[in-house]
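S.K.: Sharing coords.cif, mmCIF, C-alpha atoms:
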```cif
data_target
#
loop_
_atom_site.label_atom_id
_atom_site.label_comp_id
_atom_site.auth_asym_id
_atom_site.auth_seq_id
_atom_site.Cartn_x
_atom_site.Cartn_y
_atom_site.Cartn_z
CA MET A 221 -26.69 -9.47 -4.64
CA LYS A 222 -24.37 -10.42 -7.47
CA ILE A 223 -20.73 -9.42 -7.79
CA GLY A 224 -21.62 -6.69 -10.31
CA GLU A 225 -23.72 -4.93 -7.69
CA LEU A 226 -20.78 -4.88 -5.26
CA VAL A 227 -18.59 -3.53 -8.06
CA LYS A 228 -21.01 -0.65 -8.62
CA GLN A 229 -21.58 -0.01 -4.92
CA TYR A 230 -17.91 0.23 -4.00
CA GLY A 231 -16.30 1.28 -7.27
CA VAL A 232 -13.91 -1.68 -7.37
CA SER A 233 -13.30 -4.26 -10.07
CA VAL A 234 -14.55 -7.82 -10.17
CA ASP A 235 -10.88 -8.84 -9.99
CA THR A 236 -10.49 -6.95 -6.70
CA ILE A 237 -13.41 -8.78 -5.14
CA ARG A 238 -12.14 -12.13 -6.41
CA PHE A 239 -8.68 -11.29 -5.07
CA TYR A 240 -10.14 -10.71 -1.60
CA GLU A 241 -11.93 -14.03 -1.93
CA LYS A 242 -8.66 -15.79 -2.83
CA GLN A 243 -7.05 -14.14 0.18
CA GLN A 244 -9.93 -15.50 2.29
CA LEU A 245 -10.95 -12.06 3.47
CA LEU A 246 -14.35 -12.29 1.79
CA SER A 247 -16.52 -15.12 0.60
CA PRO A 248 -19.92 -15.14 -1.09
CA SER A 249 -22.73 -16.32 1.15
CA ALA A 250 -24.23 -18.53 -1.53
CA ARG A 251 -24.35 -19.48 -5.20
CA SER A 252 -27.30 -19.08 -7.51
CA ASP A 253 -28.70 -22.04 -9.44
CA ALA A 254 -26.65 -20.78 -12.39
CA GLY A 255 -23.49 -20.75 -10.27
CA TYR A 256 -23.22 -16.99 -9.76
CA ARG A 257 -21.71 -15.78 -6.52
CA LEU A 258 -24.34 -14.23 -4.27
CA TYR A 259 -23.43 -11.77 -1.54
CA SER A 260 -25.47 -10.79 1.49
CA ASN A 261 -25.65 -7.36 3.12
CA ALA A 262 -23.16 -8.67 5.69
CA ASP A 263 -20.77 -9.59 2.84
CA SER A 264 -21.18 -6.10 1.43
CA GLN A 265 -20.46 -4.54 4.80
CA ARG A 266 -17.38 -6.76 5.14
CA LEU A 267 -16.11 -5.58 1.75
CA GLY A 268 -16.64 -2.00 2.88
CA PHE A 269 -14.65 -2.72 6.04
CA ILE A 270 -11.81 -4.24 3.99
CA LEU A 271 -11.71 -1.29 1.60
CA ARG A 272 -11.77 1.30 4.39
CA ALA A 273 -9.00 -0.53 6.28
CA LYS A 274 -6.96 -0.66 3.08
CA SER A 275 -7.58 3.05 2.44
CA VAL A 276 -5.88 3.96 5.74
CA GLY A 277 -2.87 1.83 4.96
CA PHE A 278 -3.46 -1.54 6.58
CA SER A 279 -1.85 -4.50 4.80
CA LEU A 280 -3.83 -7.60 3.87
CA GLN A 281 -2.41 -9.44 6.88
CA GLN A 282 -3.33 -6.56 9.18
CA ILE A 283 -6.83 -6.45 7.67
CA ARG A 284 -7.10 -10.19 8.27
CA GLU A 285 -6.24 -9.59 11.94
CA LEU A 286 -8.78 -6.78 12.21
CA LEU A 287 -11.43 -9.01 10.65
CA LEU A 288 -10.73 -11.68 13.27
CA ILE A 289 -11.51 -9.08 15.90
CA GLU A 290 -14.50 -7.77 13.95
CA ASP A 291 -15.91 -11.29 13.67
CA ASN A 292 -15.63 -11.92 17.42
CA LYS A 293 -15.76 -8.50 19.08
CA ALA A 294 -16.83 -9.86 22.46
CA ALA A 295 -13.53 -11.73 22.82
CA TRP A 296 -11.42 -8.62 22.30
CA GLN A 297 -10.94 -5.24 23.90
CA CYS A 298 -10.74 -1.79 22.37
CA ALA A 299 -7.12 -1.73 23.53
CA ASP A 300 -6.37 -4.63 21.16
CA VAL A 301 -7.67 -2.66 18.20
CA LYS A 302 -5.97 0.54 19.31
CA ASP A 303 -2.67 -1.35 19.58
CA LYS A 304 -3.00 -2.40 15.94
CA VAL A 305 -3.65 1.20 14.90
CA GLN A 306 -0.70 2.48 16.91
CA LEU A 307 1.60 -0.18 15.43
CA LYS A 308 0.49 0.87 11.95
CA MET A 309 1.18 4.49 12.82
CA GLN A 310 4.71 3.52 13.93
CA ASP A 311 5.23 1.65 10.66
CA ILE A 312 4.13 4.70 8.70
CA ARG A 313 6.41 7.02 10.70
CA GLN A 314 9.33 4.72 9.91
CA GLN A 315 8.41 4.65 6.23
CA ILE A 316 8.20 8.44 6.19
CA ALA A 317 11.67 8.67 7.76
CA GLU A 318 13.07 6.27 5.16
CA LEU A 319 11.44 8.23 2.34
CA GLU A 320 12.90 11.46 3.73
CA GLN A 321 16.37 9.86 3.67
CA PHE A 322 15.81 8.78 0.06
CA TYR A 323 14.69 12.29 -0.81
CA GLN A 324 17.74 13.90 0.79
CA ALA A 325 20.10 11.51 -0.99
CA LEU A 326 18.40 12.18 -4.31
CA ALA A 327 18.53 15.93 -3.68
CA LYS A 328 22.30 15.71 -3.20
CA LEU A 329 22.63 13.79 -6.46
CA ASP A 330 20.43 16.33 -8.20
CA GLN A 331 22.43 19.29 -6.91
CA ALA A 332 25.72 17.78 -8.04
CA CYS A 333 24.63 17.33 -11.65
CA CYS A 334 24.54 20.21 -14.09
CA GLY A 335 21.89 18.52 -16.18
CA GLY A 336 23.44 19.94 -19.32
CA ALA A 337 23.90 18.58 -22.80
CA LEU A 338 27.30 17.01 -22.13
CA SER A 339 27.80 13.28 -22.50
CA ALA A 340 26.66 11.12 -19.59
CA THR A 341 30.29 9.93 -19.34
CA GLU A 342 30.81 13.08 -17.27
CA CYS A 343 27.67 12.69 -15.14
CA SER A 344 28.34 13.07 -11.42
CA ILE A 345 25.20 11.08 -10.56
CA LEU A 346 26.38 8.01 -12.44
CA THR A 347 29.90 8.41 -11.03
CA ALA A 348 28.57 8.57 -7.47
CA LEU A 349 26.40 5.49 -8.00
CA GLU A 350 29.27 3.59 -9.64
CA GLN A 351 31.80 4.44 -6.93
CA GLY A 352 29.55 4.45 -3.91
CA LYS A 353 30.84 7.88 -2.89
CA PRO A 354 28.96 11.12 -2.34
CA ALA A 355 28.26 13.00 -5.55
CA GLN A 356 30.72 15.80 -6.26
CA PRO A 357 29.58 18.89 -8.12
CA GLU A 358 30.49 18.67 -11.78
CA THR A 359 33.19 20.93 -13.14
CA HIS A 360 33.31 20.98 -16.90
CA GLN A 361 35.58 22.87 -19.20
CA GLU A 362 32.51 23.91 -21.17
CA GLU A 363 30.52 25.44 -18.29
CA ALA A 364 28.24 27.17 -20.76
CA SER A 365 26.59 23.85 -21.65
CA CYS A 366 25.62 23.28 -18.03
#
```
Using structure tokens, write down the structure from this file.
M.R.:
Amino acid sequence: MKIGELVKQYGVSVDTIRFYEKQQLLSPSARSDAGYRLYSNADSQRLGFILRAKSVGFSLQQIRELLLIEDNKAAWQCADVKDKVQLKMQDIRQQIAELEQFYQALAKLDQACCGGALSATECSILTALEQGKPAQPETHQEEASC
């Protein structure tokens, strides 16, 4: 099958498929006489594997590692694959914790700022970021504008 058929089958762009080729995750099985890339059913299944692994958060390097196992299943154990999944889960938990910290810090900045029509020279968010100190609630003489 030609690249256009893979595009239609998986809903990805030609550039995506070519990117995976450049990353050496996928390669066409052959070339037509006219030089078109030709993909086998096994190539199509491999692309599906790559896309599904990506959809659950695996990086290109992690997908590469999974493909090494996929290509030589007999040399590996289920425990090897499970370890990779559990490591990815740990990475995601850590990312979630970091995002929660970002969110809490942003919430504090948000709560300190009145968001009114006053000049940004009085903005507690900018002051906190400039000084590296926790944001202090704004107190303006013109409280009505906040």
S.K.: Taking the file above as input, evaluate the PyMOL selection byres ((chain A and resi 335) around 10) and report the hits as a list in words.
M.R.: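 So the PyMOL selection byres ((chain A and resi 335) around 10) ends up selecting Asp330, Gln331, Ala332, Cys333, Cys334, Gly336, Ala337, Leu338, Ala340, Cys343, Ser344, Ile345, Glu358, Ser365 and Cys366 of chain A.
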S.K.: Run the PyMOL selection byres ((chain A and resi 270) around 9) against the file shown and list the residues it catches, as a ChimeraX atom specification.
M.R.: /A:240,245-246,265-269,271-275,280,283-284,287
S.K.: Could you save those same residues with C-alpha atoms as a compact mmCIF listing (two decimals), in the frame of the given file?
M.R.:
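Printed below is result08.txt as written:
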```txt
# COMPACT_ATOMS: atom_id res chain seq x y z
CA TYR A 240 -10.14 -10.71 -1.60
CA LEU A 245 -10.95 -12.06 3.47
CA LEU A 246 -14.35 -12.29 1.79
CA GLN A 265 -20.46 -4.54 4.80
CA ARG A 266 -17.38 -6.76 5.14
CA LEU A 267 -16.11 -5.58 1.75
CA GLY A 268 -16.64 -2.00 2.88
CA PHE A 269 -14.65 -2.72 6.04
CA LEU A 271 -11.71 -1.29 1.60
CA ARG A 272 -11.77 1.30 4.39
CA ALA A 273 -9.00 -0.53 6.28
CA LYS A 274 -6.96 -0.66 3.08
CA SER A 275 -7.58 3.05 2.44
CA LEU A 280 -3.83 -7.60 3.87
CA ILE A 283 -6.83 -6.45 7.67
CA ARG A 284 -7.10 -10.19 8.27
CA LEU A 287 -11.43 -9.01 10.65
```
S.K.: Calculated over all atoms listed in the file, which of the candidates A:Glu285, A:Asp263, A:Asp300, A:Glu320 has the smallest distance to Ile223 (chain A)?
M.R.: A:Asp263
S.K.: Identify all residues satisfying the PyMOL selection byres ((chain A and resi 354) around 10) in the given file; provide them as a list in words.
M.R.: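 Listing what the PyMOL selection byres ((chain A and resi 354) around 10) selects in the shown file: Ala325, Lys328, Leu329, Ala332, Ser344, Ile345, Thr347, Ala348, Leu349, Gln351, Gly352, Lys353, Ala355, Gln356 and Pro357 of chain A.
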S.K.: Output C-alpha atoms for every residue in the selection just made, as a PDB file, in the frame of the given file.
M.R.:
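Once written, part_38.pdb looks like this:
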```pdb
ATOM      1  CA  ALA A 325      20.100  11.510  -0.990  1.00  0.00           C
ATOM      2  CA  LYS A 328      22.300  15.710  -3.200  1.00  0.00           C
ATOM      3  CA  LEU A 329      22.630  13.790  -6.460  1.00  0.00           C
ATOM      4  CA  ALA A 332      25.720  17.780  -8.040  1.00  0.00           C
ATOM      5  CA  SER A 344      28.340  13.070 -11.420  1.00  0.00           C
ATOM      6  CA  ILE A 345      25.200  11.080 -10.560  1.00  0.00           C
ATOM      7  CA  THR A 347      29.900   8.410 -11.030  1.00  0.00           C
ATOM      8  CA  ALA A 348      28.570   8.570  -7.470  1.00  0.00           C
ATOM      9  CA  LEU A 349      26.400   5.490  -8.000  1.00  0.00           C
ATOM     10  CA  GLN A 351      31.800   4.440  -6.930  1.00  0.00           C
ATOM     11  CA  GLY A 352      29.550   4.450  -3.910  1.00  0.00           C
ATOM     12  CA  LYS A 353      30.840   7.880  -2.890  1.00  0.00           C
ATOM     13  CA  ALA A 355      28.260  13.000  -5.550  1.00  0.00           C
ATOM     14  CA  GLN A 356      30.720  15.800  -6.260  1.00  0.00           C
ATOM     15  CA  PRO A 357      29.580  18.890  -8.120  1.00  0.00           C
TER      16      PRO A 357
END
```
S.K.: At a cut-off of 12 Å, using all atoms listed in the file, what residues contact Val305 (chain A)? Leave out same-chain residues fewer than 3 positions from it and give the result as a list in words.
M.R.: Ala273, Val276, Gly277, Phe278, Ser279, Gln282, Ile283, Glu285, Leu286, Cys298, Ala299, Asp300, Val301, Lys302, Lys308, Met309, Gln310, Asp311 and Ile312 of chain A
S.K.: Could you state the separation of CA of Tyr259 (chain A) and CA of Ala294 (chain A) in Å, given to one decimal place?
M.R.: 25.0 Å
S.K.: Please, what distance in Å, to one decimal, runs between CA of Leu288 (chain A) and CA of Ile316 (chain A)?
M.R.: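 For CA of Leu288 (chain A) relative to CA of Ile316 (chain A), the distance reads 28.5 Å.
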S.K.: Figure out the distance between CA of Leu226 (chain A) and CA of Phe239 (chain A), please, to one decimal in Å.
M.R.: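 Atom-to-atom, CA of Phe239 (chain A) and CA of Leu226 (chain A) are spaced 13.7 Å apart.
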S.K.: For Pro248 (chain A), which residue among A:Lys228, A:Leu346, A:Val234, A:Met221 is the nearest when counting all atoms listed in the file?
M.R.: A:Met221
S.K.: Hey, which of A:Val227, A:Gln244, A:Ala254, A:Lys304 ends up closest to Ile289 (chain A)? Count only C-alpha atoms.
M.R.: A:Lys304
S.K.: Using all atoms listed in the file, which of A:Thr359, A:Glu342, A:Phe322, A:Gly224 sits nearest Tyr256 (chain A)?
M.R.: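 Using all atoms listed in the file, Tyr256 (chain A) sits closest to A:Gly224.
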